[in-house]
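Here is coords-v7.cif, consisting of mmCIF, C-alpha atoms (C1' of nucleotides):
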data_model
loop_
_atom_site.group_PDB
_atom_site.id
_atom_site.type_symbol
_atom_site.label_atom_id
_atom_site.label_comp_id
_atom_site.auth_asym_id
_atom_site.auth_seq_id
_atom_site.Cartn_x
_atom_site.Cartn_y
_atom_site.Cartn_z
ATOM 1 C CA MET O 1465 -33.691 -49.191 -0.151
ATOM 2 C CA PRO O 1466 -35.718 -48.187 2.866
ATOM 3 C CA LYS O 1467 -37.845 -45.157 2.487
ATOM 4 C CA GLN O 1468 -37.023 -42.515 4.981
ATOM 5 C CA ALA O 1469 -39.495 -39.798 5.710
ATOM 6 C CA ALA O 1470 -38.479 -38.801 2.200
ATOM 7 C CA PRO O 1471 -37.907 -35.150 3.033
ATOM 8 C CA LEU O 1472 -35.547 -34.909 0.116
ATOM 9 C CA ALA O 1473 -38.163 -35.358 -2.524
ATOM 10 C CA LEU O 1474 -37.427 -31.833 -3.555
ATOM 11 C CA ILE O 1475 -34.240 -30.300 -2.317
ATOM 12 C CA ASP O 1476 -34.267 -26.580 -1.906
ATOM 13 C CA LEU O 1477 -30.867 -25.414 -2.985
ATOM 14 C CA SER O 1478 -31.704 -21.927 -1.813
ATOM 15 C CA THR O 1479 -31.451 -22.964 1.774
ATOM 16 C CA GLU O 1480 -28.556 -24.279 3.742
ATOM 17 C CA THR O 1481 -30.102 -27.702 3.560
ATOM 18 C CA PRO O 1482 -27.609 -30.111 5.051
ATOM 19 C CA CYS O 1483 -29.205 -32.776 2.955
ATOM 20 C CA CYS O 1484 -26.366 -35.055 2.078
ATOM 21 C CA PRO O 1485 -23.499 -36.939 3.607
ATOM 22 C CA PRO O 1486 -20.354 -37.187 1.462
ATOM 23 C CA ILE O 1487 -20.692 -39.355 -1.585
ATOM 24 C CA ALA O 1488 -17.729 -41.343 -0.335
ATOM 25 C CA GLN O 1489 -19.693 -42.254 2.759
ATOM 26 C CA SER O 1490 -23.006 -43.441 1.409
ATOM 27 C CA ARG O 1491 -24.514 -43.881 -1.991
ATOM 28 C CA ILE O 1492 -26.269 -40.791 -3.158
ATOM 29 C CA PRO O 1493 -29.986 -41.224 -3.920
ATOM 30 C CA ALA O 1494 -31.109 -40.676 -7.471
ATOM 31 C CA GLU O 1495 -33.239 -37.671 -6.564
ATOM 32 C CA VAL O 1496 -30.355 -35.912 -4.893
ATOM 33 C CA ALA O 1497 -28.113 -36.647 -7.848
ATOM 34 C CA THR O 1498 -30.728 -35.262 -10.202
ATOM 35 C CA VAL O 1499 -30.959 -32.050 -8.238
ATOM 36 C CA LEU O 1500 -27.273 -31.495 -7.567
ATOM 37 C CA ALA O 1501 -25.857 -32.569 -10.919
ATOM 38 C CA PRO O 1502 -26.934 -29.320 -12.615
ATOM 39 C CA ALA O 1503 -24.915 -27.374 -10.054
ATOM 40 C CA PHE O 1504 -21.793 -29.361 -10.894
ATOM 41 C CA LYS O 1505 -22.574 -29.024 -14.572
ATOM 42 C CA ALA O 1506 -22.795 -25.264 -14.161
ATOM 43 C CA LEU O 1507 -19.296 -25.321 -12.712
ATOM 44 C CA GLY O 1508 -18.132 -27.597 -15.513
ATOM 45 C CA ASP O 1509 -17.077 -24.742 -17.736
ATOM 46 C CA PRO O 1510 -13.841 -22.781 -17.370
ATOM 47 C CA VAL O 1511 -15.519 -19.427 -17.894
ATOM 48 C CA ARG O 1512 -18.253 -20.119 -15.377
ATOM 49 C CA LEU O 1513 -15.746 -21.484 -12.893
ATOM 50 C CA GLN O 1514 -13.776 -18.272 -13.143
ATOM 51 C CA LEU O 1515 -16.921 -16.169 -12.933
ATOM 52 C CA MET O 1516 -17.943 -18.060 -9.840
ATOM 53 C CA SER O 1517 -14.537 -17.531 -8.336
ATOM 54 C CA MET O 1518 -14.518 -13.823 -9.123
ATOM 55 C CA ILE O 1519 -17.936 -13.407 -7.562
ATOM 56 C CA ALA O 1520 -17.226 -15.521 -4.514
ATOM 57 C CA SER O 1521 -13.872 -13.909 -3.848
ATOM 58 C CA ALA O 1522 -15.013 -10.345 -4.392
ATOM 59 C CA PRO O 1523 -14.098 -8.018 -1.542
ATOM 60 C CA ASP O 1524 -17.666 -7.144 -0.651
ATOM 61 C CA GLY O 1525 -19.019 -10.545 -1.537
ATOM 62 C CA GLU O 1526 -20.535 -9.200 -4.697
ATOM 63 C CA ALA O 1527 -19.269 -8.426 -8.161
ATOM 64 C CA CYS O 1528 -20.549 -6.060 -10.823
ATOM 65 C CA VAL O 1529 -21.102 -7.351 -14.339
ATOM 66 C CA CYS O 1530 -19.121 -4.355 -15.519
ATOM 67 C CA ASP O 1531 -16.126 -5.847 -13.712
ATOM 68 C CA LEU O 1532 -16.718 -9.407 -14.870
ATOM 69 C CA THR O 1533 -17.214 -8.842 -18.580
ATOM 70 C CA PRO O 1534 -13.893 -7.153 -19.407
ATOM 71 C CA ALA O 1535 -12.037 -9.988 -17.681
ATOM 72 C CA PHE O 1536 -12.783 -12.303 -20.576
ATOM 73 C CA GLU O 1537 -12.369 -12.297 -24.310
ATOM 74 C CA LEU O 1538 -16.058 -12.947 -24.678
ATOM 75 C CA SER O 1539 -18.888 -10.656 -25.676
ATOM 76 C CA GLY O 1540 -21.326 -9.187 -23.190
ATOM 77 C CA PRO O 1541 -24.260 -11.418 -24.079
ATOM 78 C CA THR O 1542 -22.108 -14.517 -23.727
ATOM 79 C CA ILE O 1543 -21.071 -13.537 -20.204
ATOM 80 C CA SER O 1544 -24.683 -12.744 -19.452
ATOM 81 C CA HIS O 1545 -25.684 -16.203 -20.622
ATOM 82 C CA HIS O 1546 -23.094 -17.865 -18.436
ATOM 83 C CA LEU O 1547 -24.259 -15.800 -15.491
ATOM 84 C CA LYS O 1548 -27.792 -16.884 -16.203
ATOM 85 C CA THR O 1549 -26.649 -20.482 -16.113
ATOM 86 C CA LEU O 1550 -25.053 -19.931 -12.717
ATOM 87 C CA ARG O 1551 -28.207 -18.196 -11.564
ATOM 88 C CA GLU O 1552 -30.476 -21.000 -12.714
ATOM 89 C CA ALA O 1553 -28.200 -23.501 -11.016
ATOM 90 C CA GLY O 1554 -28.783 -21.648 -7.770
ATOM 91 C CA LEU O 1555 -25.127 -20.789 -7.357
ATOM 92 C CA VAL O 1556 -25.470 -17.020 -7.464
ATOM 93 C CA ASP O 1557 -27.989 -14.281 -6.863
ATOM 94 C CA ALA O 1558 -28.443 -11.197 -9.003
ATOM 95 C CA GLU O 1559 -29.521 -7.785 -7.838
ATOM 96 C CA ARG O 1560 -29.973 -4.655 -9.891
ATOM 97 C CA ARG O 1561 -28.789 -1.564 -8.091
ATOM 98 C CA GLY O 1562 -29.079 1.548 -10.197
ATOM 99 C CA THR O 1563 -27.410 1.185 -13.524
ATOM 100 C CA TRP O 1564 -25.417 -1.885 -12.710
ATOM 101 C CA VAL O 1565 -26.227 -5.443 -11.806
ATOM 102 C CA TYR O 1566 -24.412 -7.118 -8.957
ATOM 103 C CA TYR O 1567 -23.936 -10.835 -8.496
ATOM 104 C CA ARG O 1568 -23.510 -12.509 -5.152
ATOM 105 C CA ALA O 1569 -22.519 -16.079 -4.367
ATOM 106 C CA ARG O 1570 -24.713 -18.381 -2.317
ATOM 107 C CA PRO O 1571 -22.486 -19.916 0.332
ATOM 108 C CA GLY O 1572 -25.109 -22.503 1.186
ATOM 109 C CA ILE O 1573 -25.046 -24.530 -1.962
ATOM 110 C CA MET O 1574 -21.298 -24.245 -2.273
ATOM 111 C CA ARG O 1575 -20.933 -25.665 1.200
ATOM 112 C CA GLN O 1576 -23.293 -28.419 0.184
ATOM 113 C CA LEU O 1577 -21.302 -29.343 -2.891
ATOM 114 C CA ALA O 1578 -18.068 -29.195 -0.921
ATOM 115 C CA ALA O 1579 -19.512 -31.426 1.786
ATOM 116 C CA LEU O 1580 -20.593 -33.878 -0.873
ATOM 117 C CA LEU O 1581 -17.059 -34.241 -2.140
ATOM 118 C CA THR O 1582 -15.458 -34.379 1.272
ATOM 119 C CA VAL O 1583 -13.195 -37.308 1.890
ATOM 120 C CA GLU O 1584 -12.000 -38.211 5.329
ATOM 121 C CA THR O 1585 -8.265 -37.853 5.267
ATOM 122 C CA THR O 1586 -7.945 -40.654 7.748
ATOM 123 C CA ALA O 1587 -10.309 -43.068 6.074
ATOM 124 C CA ALA O 1588 -8.544 -42.687 2.767
ATOM 125 C CA GLY O 1589 -7.538 -46.284 3.106
ATOM 126 C CA ALA O 1590 -4.590 -47.621 1.142
ATOM 127 C CA MET T 216 -0.201 -11.433 -7.087
ATOM 128 C CA PRO T 217 3.468 -12.363 -7.430
ATOM 129 C CA LYS T 218 4.344 -15.337 -9.486
ATOM 130 C CA GLN T 219 5.270 -18.311 -7.459
ATOM 131 C CA ALA T 220 7.466 -20.930 -8.947
ATOM 132 C CA ALA T 221 4.466 -21.402 -11.217
ATOM 133 C CA PRO T 222 4.133 -25.105 -10.571
ATOM 134 C CA LEU T 223 0.554 -25.062 -11.753
ATOM 135 C CA ALA T 224 1.345 -24.567 -15.392
ATOM 136 C CA LEU T 225 0.105 -28.088 -15.826
ATOM 137 C CA ILE T 226 -1.812 -29.513 -12.963
ATOM 138 C CA ASP T 227 -1.478 -33.193 -12.444
ATOM 139 C CA LEU T 228 -4.823 -34.347 -11.209
ATOM 140 C CA SER T 229 -3.408 -37.759 -10.535
ATOM 141 C CA THR T 230 -1.448 -36.460 -7.612
ATOM 142 C CA GLU T 231 -2.599 -34.887 -4.402
ATOM 143 C CA THR T 232 -1.531 -31.535 -5.741
ATOM 144 C CA PRO T 233 -2.677 -28.964 -3.233
ATOM 145 C CA CYS T 234 -2.755 -26.511 -6.063
ATOM 146 C CA CYS T 235 -5.606 -24.228 -5.235
ATOM 147 C CA PRO T 236 -7.054 -22.159 -2.461
ATOM 148 C CA PRO T 237 -10.852 -21.971 -2.295
ATOM 149 C CA ILE T 238 -12.450 -20.024 -5.101
ATOM 150 C CA ALA T 239 -14.133 -17.881 -2.484
ATOM 151 C CA GLN T 240 -10.724 -16.812 -1.262
ATOM 152 C CA SER T 241 -8.908 -15.776 -4.373
ATOM 153 C CA ARG T 242 -9.747 -15.624 -8.026
ATOM 154 C CA ILE T 243 -8.952 -18.830 -9.774
ATOM 155 C CA PRO T 244 -6.425 -18.548 -12.630
ATOM 156 C CA ALA T 245 -7.631 -19.381 -16.092
ATOM 157 C CA GLU T 246 -5.287 -22.363 -16.397
ATOM 158 C CA VAL T 247 -6.568 -23.926 -13.214
ATOM 159 C CA ALA T 248 -10.147 -23.358 -14.304
ATOM 160 C CA THR T 249 -9.412 -24.981 -17.643
ATOM 161 C CA VAL T 250 -7.969 -28.041 -15.979
ATOM 162 C CA LEU T 251 -10.531 -28.454 -13.209
ATOM 163 C CA ALA T 252 -13.682 -27.617 -15.134
ATOM 164 C CA PRO T 253 -13.752 -31.006 -16.884
ATOM 165 C CA ALA T 254 -13.806 -32.707 -13.499
ATOM 166 C CA PHE T 255 -16.867 -30.719 -12.469
ATOM 167 C CA LYS T 256 -18.404 -31.333 -15.843
ATOM 168 C CA ALA T 257 -17.915 -35.052 -15.391
ATOM 169 C CA LEU T 258 -19.873 -34.814 -12.148
ATOM 170 C CA GLY T 259 -22.520 -32.743 -13.880
ATOM 171 C CA ASP T 260 -24.635 -35.705 -14.805
ATOM 172 C CA PRO T 261 -26.962 -37.525 -12.433
ATOM 173 C CA VAL T 262 -25.859 -40.954 -13.578
ATOM 174 C CA ARG T 263 -22.173 -40.165 -13.245
ATOM 175 C CA LEU T 264 -22.724 -38.552 -9.871
ATOM 176 C CA GLN T 265 -24.400 -41.719 -8.662
ATOM 177 C CA LEU T 266 -21.716 -43.880 -10.217
ATOM 178 C CA MET T 267 -19.084 -41.785 -8.498
ATOM 179 C CA SER T 268 -20.904 -42.118 -5.225
ATOM 180 C CA MET T 269 -21.308 -45.852 -5.563
ATOM 181 C CA ILE T 270 -17.624 -46.260 -6.338
ATOM 182 C CA ALA T 271 -16.430 -43.908 -3.621
ATOM 183 C CA SER T 272 -18.665 -45.389 -0.973
ATOM 184 C CA ALA T 273 -17.995 -49.005 -1.852
ATOM 185 C CA PRO T 274 -16.972 -51.106 1.140
ATOM 186 C CA ASP T 275 -13.561 -52.005 -0.220
ATOM 187 C CA GLY T 276 -13.096 -48.701 -1.976
ATOM 188 C CA GLU T 277 -13.748 -50.299 -5.312
ATOM 189 C CA ALA T 278 -16.808 -51.276 -7.255
ATOM 190 C CA CYS T 279 -17.329 -53.856 -9.974
ATOM 191 C CA VAL T 280 -19.067 -52.877 -13.175
ATOM 192 C CA CYS T 281 -21.269 -55.879 -12.666
ATOM 193 C CA ASP T 282 -22.596 -54.150 -9.557
ATOM 194 C CA LEU T 283 -22.910 -50.732 -11.123
ATOM 195 C CA THR T 284 -24.735 -51.564 -14.318
ATOM 196 C CA PRO T 285 -27.844 -53.218 -12.857
ATOM 197 C CA ALA T 286 -28.369 -50.203 -10.599
ATOM 198 C CA PHE T 287 -29.546 -48.151 -13.551
ATOM 199 C CA GLU T 288 -32.117 -48.399 -16.269
ATOM 200 C CA LEU T 289 -29.404 -47.865 -18.828
ATOM 201 C CA SER T 290 -27.689 -50.255 -21.153
ATOM 202 C CA GLY T 291 -24.238 -51.639 -20.506
ATOM 203 C CA PRO T 292 -22.494 -49.592 -23.158
ATOM 204 C CA THR T 293 -24.001 -46.395 -21.822
ATOM 205 C CA ILE T 294 -22.725 -47.094 -18.307
ATOM 206 C CA SER T 295 -19.376 -47.968 -19.795
ATOM 207 C CA HIS T 296 -19.339 -44.676 -21.609
ATOM 208 C CA HIS T 297 -20.097 -42.740 -18.444
ATOM 209 C CA LEU T 298 -17.369 -44.624 -16.624
ATOM 210 C CA LYS T 299 -14.989 -43.708 -19.387
ATOM 211 C CA THR T 300 -15.907 -40.061 -18.905
ATOM 212 C CA LEU T 301 -15.150 -40.328 -15.194
ATOM 213 C CA ARG T 302 -11.910 -42.082 -16.018
ATOM 214 C CA GLU T 303 -10.822 -39.422 -18.488
ATOM 215 C CA ALA T 304 -11.687 -36.733 -15.980
ATOM 216 C CA GLY T 305 -9.240 -38.371 -13.605
ATOM 217 C CA LEU T 306 -11.918 -39.077 -11.021
ATOM 218 C CA VAL T 307 -11.620 -42.845 -11.028
ATOM 219 C CA ASP T 308 -9.182 -45.585 -11.849
ATOM 220 C CA ALA T 309 -10.043 -48.789 -13.627
ATOM 221 C CA GLU T 310 -8.418 -52.139 -13.117
ATOM 222 C CA ARG T 311 -9.202 -55.398 -14.791
ATOM 223 C CA ARG T 312 -9.015 -58.339 -12.444
ATOM 224 C CA GLY T 313 -9.994 -61.570 -14.093
ATOM 225 C CA THR T 314 -13.313 -61.375 -15.805
ATOM 226 C CA TRP T 315 -14.502 -58.201 -14.192
ATOM 227 C CA VAL T 316 -13.351 -54.626 -14.160
ATOM 228 C CA TYR T 317 -13.137 -52.768 -10.894
ATOM 229 C CA TYR T 318 -13.345 -49.024 -10.475
ATOM 230 C CA ARG T 319 -11.710 -47.115 -7.671
ATOM 231 C CA ALA T 320 -12.113 -43.488 -6.712
ATOM 232 C CA ARG T 321 -9.188 -41.090 -6.543
ATOM 233 C CA PRO T 322 -9.409 -39.336 -3.205
ATOM 234 C CA GLY T 323 -6.853 -36.761 -4.282
ATOM 235 C CA ILE T 324 -8.842 -34.966 -6.901
ATOM 236 C CA MET T 325 -12.026 -35.173 -4.896
ATOM 237 C CA ARG T 326 -10.272 -33.511 -2.010
ATOM 238 C CA GLN T 327 -9.058 -30.886 -4.408
ATOM 239 C CA LEU T 328 -12.513 -30.133 -5.750
ATOM 240 C CA ALA T 329 -13.933 -30.055 -2.249
ATOM 241 C CA ALA T 330 -11.218 -27.670 -1.115
ATOM 242 C CA LEU T 331 -11.978 -25.444 -4.056
ATOM 243 C CA LEU T 332 -15.591 -25.107 -2.978
ATOM 244 C CA THR T 333 -14.831 -24.670 0.690
ATOM 245 C CA VAL T 334 -16.355 -21.630 2.313
ATOM 246 C CA GLU T 335 -15.251 -20.462 5.702
ATOM 247 C CA THR T 336 -18.283 -20.715 7.913
ATOM 248 C CA THR T 337 -17.055 -17.741 9.866
ATOM 249 C CA ALA T 338 -16.205 -15.543 6.915
ATOM 250 C CA ALA T 339 -19.591 -16.093 5.385
ATOM 251 C CA GLY T 340 -20.154 -12.426 5.870
ATOM 252 C CA ALA T 341 -23.614 -10.910 6.155
ATOM 253 C "C1'" DA L 691 -13.975 -73.516 -29.253
ATOM 254 C "C1'" DC L 692 -17.858 -71.419 -27.109
ATOM 255 C "C1'" DG L 693 -20.219 -68.256 -24.126
ATOM 256 C "C1'" DC L 694 -19.943 -64.471 -20.976
ATOM 257 C "C1'" DT L 695 -18.365 -59.764 -19.617
ATOM 258 C "C1'" DG L 696 -17.007 -55.286 -20.699
ATOM 259 C "C1'" DT L 697 -15.325 -51.977 -24.024
ATOM 260 C "C1'" DT L 698 -15.262 -49.630 -28.305
ATOM 261 C "C1'" DT L 699 -17.130 -47.766 -32.678
ATOM 262 C "C1'" DC L 700 -20.627 -45.646 -35.219
ATOM 263 C "C1'" DG L 701 -24.661 -42.931 -35.867
ATOM 264 C "C1'" DA L 702 -29.026 -40.313 -34.561
ATOM 265 C "C1'" DC L 703 -30.683 -37.110 -31.517
ATOM 266 C "C1'" DA L 704 -30.515 -33.539 -28.097
ATOM 267 C "C1'" DT L 705 -28.147 -30.003 -25.574
ATOM 268 C "C1'" DC L 706 -24.736 -26.510 -25.056
ATOM 269 C "C1'" DT L 707 -21.676 -22.546 -26.653
ATOM 270 C "C1'" DG L 708 -21.042 -18.133 -28.588
ATOM 271 C "C1'" DT L 709 -22.510 -14.135 -31.670
ATOM 272 C "C1'" DC L 710 -25.678 -10.669 -33.758
ATOM 273 C "C1'" DA L 711 -29.744 -7.976 -33.286
ATOM 274 C "C1'" DA L 712 -33.428 -6.139 -30.588
ATOM 275 C "C1'" DC L 713 -35.388 -4.812 -26.233
ATOM 276 C "C1'" DC L 714 -35.639 -2.987 -21.441
ATOM 277 C "C1'" DT L 715 -33.978 -0.190 -17.670
ATOM 278 C "C1'" DA L 716 -31.590 3.658 -15.450
ATOM 279 C "C1'" DG L 717 -29.356 7.992 -15.433
ATOM 280 C "C1'" DA L 718 -27.966 12.549 -18.017
ATOM 281 C "C1'" DC L 719 -29.112 16.471 -20.626
ATOM 282 C "C1'" DG L 720 -31.678 20.049 -22.997
ATOM 283 C "C1'" DC J 28 -40.921 16.079 -19.612
ATOM 284 C "C1'" DG J 29 -38.969 13.991 -23.762
ATOM 285 C "C1'" DT J 30 -34.918 12.179 -25.655
ATOM 286 C "C1'" DC J 31 -30.364 10.472 -25.838
ATOM 287 C "C1'" DT J 32 -26.737 7.481 -24.240
ATOM 288 C "C1'" DA J 33 -24.897 3.489 -21.687
ATOM 289 C "C1'" DG J 34 -25.285 -1.041 -19.369
ATOM 290 C "C1'" DG J 35 -27.532 -5.874 -19.314
ATOM 291 C "C1'" DT J 36 -30.699 -9.129 -20.588
ATOM 292 C "C1'" DT J 37 -33.356 -11.765 -23.831
ATOM 293 C "C1'" DG J 38 -34.395 -14.187 -28.266
ATOM 294 C "C1'" DA J 39 -32.927 -16.452 -32.504
ATOM 295 C "C1'" DC J 40 -29.546 -18.710 -34.917
ATOM 296 C "C1'" DA J 41 -25.021 -21.751 -36.697
ATOM 297 C "C1'" DG J 42 -21.480 -24.625 -34.951
ATOM 298 C "C1'" DA J 43 -19.694 -27.691 -31.625
ATOM 299 C "C1'" DT J 44 -20.260 -31.034 -28.055
ATOM 300 C "C1'" DG J 45 -22.566 -34.556 -25.253
ATOM 301 C "C1'" DT J 46 -25.942 -38.417 -24.700
ATOM 302 C "C1'" DC J 47 -27.600 -42.815 -25.602
ATOM 303 C "C1'" DG J 48 -28.580 -47.176 -28.260
ATOM 304 C "C1'" DA J 49 -27.348 -51.030 -31.611
ATOM 305 C "C1'" DA J 50 -23.887 -53.717 -33.300
ATOM 306 C "C1'" DA J 51 -19.108 -55.349 -33.495
ATOM 307 C "C1'" DC J 52 -14.729 -56.376 -31.042
ATOM 308 C "C1'" DA J 53 -11.383 -58.084 -27.271
ATOM 309 C "C1'" DG J 54 -10.255 -60.571 -22.790
ATOM 310 C "C1'" DC J 55 -11.343 -64.404 -19.579
ATOM 311 C "C1'" DG J 56 -13.195 -68.889 -17.932
ATOM 312 C "C1'" DT J 57 -15.150 -73.411 -18.915
#

Once you've parsed the file, please lay out its structure as structure tokens.
Amino acid sequence: MPKQAAPLALIDLSTETPCCPPIAQSRIPAEVATVLAPAFKALGDPVRLQLMSMIASAPDGEACVCDLTPAFELSGPTISHHLKTLREAGLVDAERRGTWVYYRARPGIMRQLAALLTVETTAAGA
Amino acid sequence: MPKQAAPLALIDLSTETPCCPPIAQSRIPAEVATVLAPAFKALGDPVRLQLMSMIASAPDGEACVCDLTPAFELSGPTISHHLKTLREAGLVDAERRGTWVYYRARPGIMRQLAALLTVETTAAGA
DNA sequence: ACGCTGTTTCGACATCTGTCAACCTAGACG
DNA sequence: CGTCTAGGTTGACAGATGTCGAAACAGCGT
């Protein structure tokens, strides 16, 4: 394993870092896996996946907690906890505007995760 | 949202089911989230993410356990357990050929997950 | 039959999930 | 200006789930 300039020692998920080729193309380094796994883990829950979808697909690109909470059979604090998980995973951004809190998706990291899973349709083999 | 023929009542991850538009495009139904979340969860571990990458990027499209295990500081059973998780999530296929077991990635579901995370670069807004 | 390879089972330990209570913030009203 | 009400977050806790290691089991080759 040759050491590159090692610019990926710490990957800033906040940016649009185009850090990684698809995992089907080259083996992912341990550091990258360590940093990106939490993002996948955050999406590894049905409620959070739906929350993420509701936020990302919101008309104005942002969703109010007051719209998210009643969409589930869960209590307010539980939704808040899930949102915190998404926030800590770097998937969403929160902003308080007046009484309500609005959540906004980060396209950068989502693009990164999508790129990671990309499979060339032609090189599918078989 | 009119009901289509509702073919996604049970989503077969084994197939190339083009079941879902990107989550940034339309809100993901609860059933889809329930079915796909385990796949993300399976990728939500650094070791499994690396395993997945090693399998998907293997020259012949398949990787032997005997190659995977020594790449980690973990015991054989632990690697086996992680591989089982990937298998149960529908991400990989196992095949015993002689003494060794070979794992092969399923491009279908990976494409599906990637599509789900896709964000139109143009519609990024802002 | 023996040894090797990989999986499974079992158990200890850690982490995650969801709820209740308390707290903080912002706006409304007297 | 003080207080009251409403919306969200945080902290603490039981229950469930996941992680990993040690030992035992099953398939394959010699």

Can you pull out every residue within 10 Å of segment 710-717 of chain L, counting only C-alpha atoms (C1' of nucleotides), but drop anything in the same chain fewer than 5 positions away, and send it as a ChimeraX atom specification? /O:1541,1560-1564 /J:32-40

Write a file of the selected residues as a short mmCIF file (atom, residue, chain, number, x, y, z; two decimals), keeping the file's coordinate frame, keeping C-alpha atoms (C1' of nucleotides).
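Final output, result29.cif:
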data_model
loop_
_atom_site.label_atom_id
_atom_site.label_comp_id
_atom_site.auth_asym_id
_atom_site.auth_seq_id
_atom_site.Cartn_x
_atom_site.Cartn_y
_atom_site.Cartn_z
CA PRO O 1541 -24.26 -11.42 -24.08
CA ARG O 1560 -29.97 -4.66 -9.89
CA ARG O 1561 -28.79 -1.56 -8.09
CA GLY O 1562 -29.08 1.55 -10.20
CA THR O 1563 -27.41 1.18 -13.52
CA TRP O 1564 -25.42 -1.88 -12.71
"C1'" DT J 32 -26.74 7.48 -24.24
"C1'" DA J 33 -24.90 3.49 -21.69
"C1'" DG J 34 -25.28 -1.04 -19.37
"C1'" DG J 35 -27.53 -5.87 -19.31
"C1'" DT J 36 -30.70 -9.13 -20.59
"C1'" DT J 37 -33.36 -11.76 -23.83
"C1'" DG J 38 -34.40 -14.19 -28.27
"C1'" DA J 39 -32.93 -16.45 -32.50
"C1'" DC J 40 -29.55 -18.71 -34.92
#

Shell around DT707 of chain L at 10 Å using all atoms listed in the file, local window under 3 positions removed, as a PyMOL selection string: (chain O and resi 1542+1545-1546) or (chain J and resi 42-44)

What's the separation between atom C1' of DA50 of chain J and atom C1' of DC703 of chain L, in Å to one decimal place? 18.0 Å

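Overlaying chain O on chain T with a least-squares fit of every Cα atom yields 0.7 Å as the RMSD.
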
Kindly assemble as a tab-separated table a list of the chain O residues that lie within 6 Å of chain T, each paired with its nearest atom pair and their distance in Å to one decimal, using only C-alpha atoms, sorted first by chain and then by ascending residue number.
residue	atom	partner	partner_atom	distance
O:Ile1487	CA	T:Ser268	CA	4.6
O:Ala1488	CA	T:Ser272	CA	4.2
O:Gln1489	CA	T:Ser272	CA	5.0
O:Ser1490	CA	T:Ser272	CA	5.3
O:Arg1491	CA	T:Ser268	CA	5.2
O:Ile1492	CA	T:Gln265	CA	5.9
O:Ala1497	CA	T:Pro261	CA	4.8
O:Thr1498	CA	T:Pro261	CA	4.9
O:Ala1501	CA	T:Gly259	CA	4.5
O:Pro1502	CA	T:Gly259	CA	5.7
O:Phe1504	CA	T:Gly259	CA	4.6
O:Lys1505	CA	T:Gly259	CA	3.8
O:Leu1507	CA	T:Phe255	CA	5.9
O:Gly1508	CA	T:Lys256	CA	3.8
O:Asp1509	CA	T:Ala252	CA	5.2
O:Pro1510	CA	T:Ala248	CA	4.8
O:Gln1514	CA	T:Ile243	CA	5.9
O:Ser1517	CA	T:Ile238	CA	4.6
O:Met1518	CA	T:Arg242	CA	5.2
O:Ala1520	CA	T:Ala239	CA	4.4
O:Ser1521	CA	T:Ala239	CA	4.2
O:Met1574	CA	T:Leu332	CA	5.8
O:Ala1578	CA	T:Ala329	CA	4.4
O:Leu1581	CA	T:Ala329	CA	5.2
O:Thr1582	CA	T:Ala329	CA	5.8

Mind giving me the straight-line distance from atom CA of Ala278 of chain T to atom C1' of DG45 of chain J in Å, one decimal? 25.2 Å

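With distances taken over only C-alpha atoms (C1' of nucleotides), J:DC47 is the one residue among J:DC47, J:DC52, J:DT57, J:DC31 lying closest to chain T.
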
Carefully work through the PyMOL selection byres ((chain L) within 10 of (chain T)) for this structure and note down the residues it includes, as a VMD selection string. chain L and resid 694 to 698

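With all atoms listed in the file as the basis for measurement, O:Ile1543 is the residue among O:Ile1543, O:Leu1555, O:Leu1538, O:Cys1484 that approaches chain J most closely.
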
Given a cut-off of 10 Å, which residues of chain J touch chain T, counting only C-alpha atoms (C1' of nucleotides), written out as a short mmCIF file (atom, residue, chain, number, x, y, z; two decimals) with C-alpha atoms (C1' of nucleotides), in the frame of the given file?
data_model
loop_
_atom_site.label_atom_id
_atom_site.label_comp_id
_atom_site.auth_asym_id
_atom_site.auth_seq_id
_atom_site.Cartn_x
_atom_site.Cartn_y
_atom_site.Cartn_z
"C1'" DT J 46 -25.94 -38.42 -24.70
"C1'" DC J 47 -27.60 -42.82 -25.60
"C1'" DG J 48 -28.58 -47.18 -28.26
"C1'" DA J 49 -27.35 -51.03 -31.61
"C1'" DG J 54 -10.26 -60.57 -22.79
"C1'" DC J 55 -11.34 -64.40 -19.58
"C1'" DG J 56 -13.20 -68.89 -17.93
#

Provide the atom CA of Tyr318 of chain T to atom C1' of DG693 of chain L distance in Å, to one decimal place. 24.6 Å
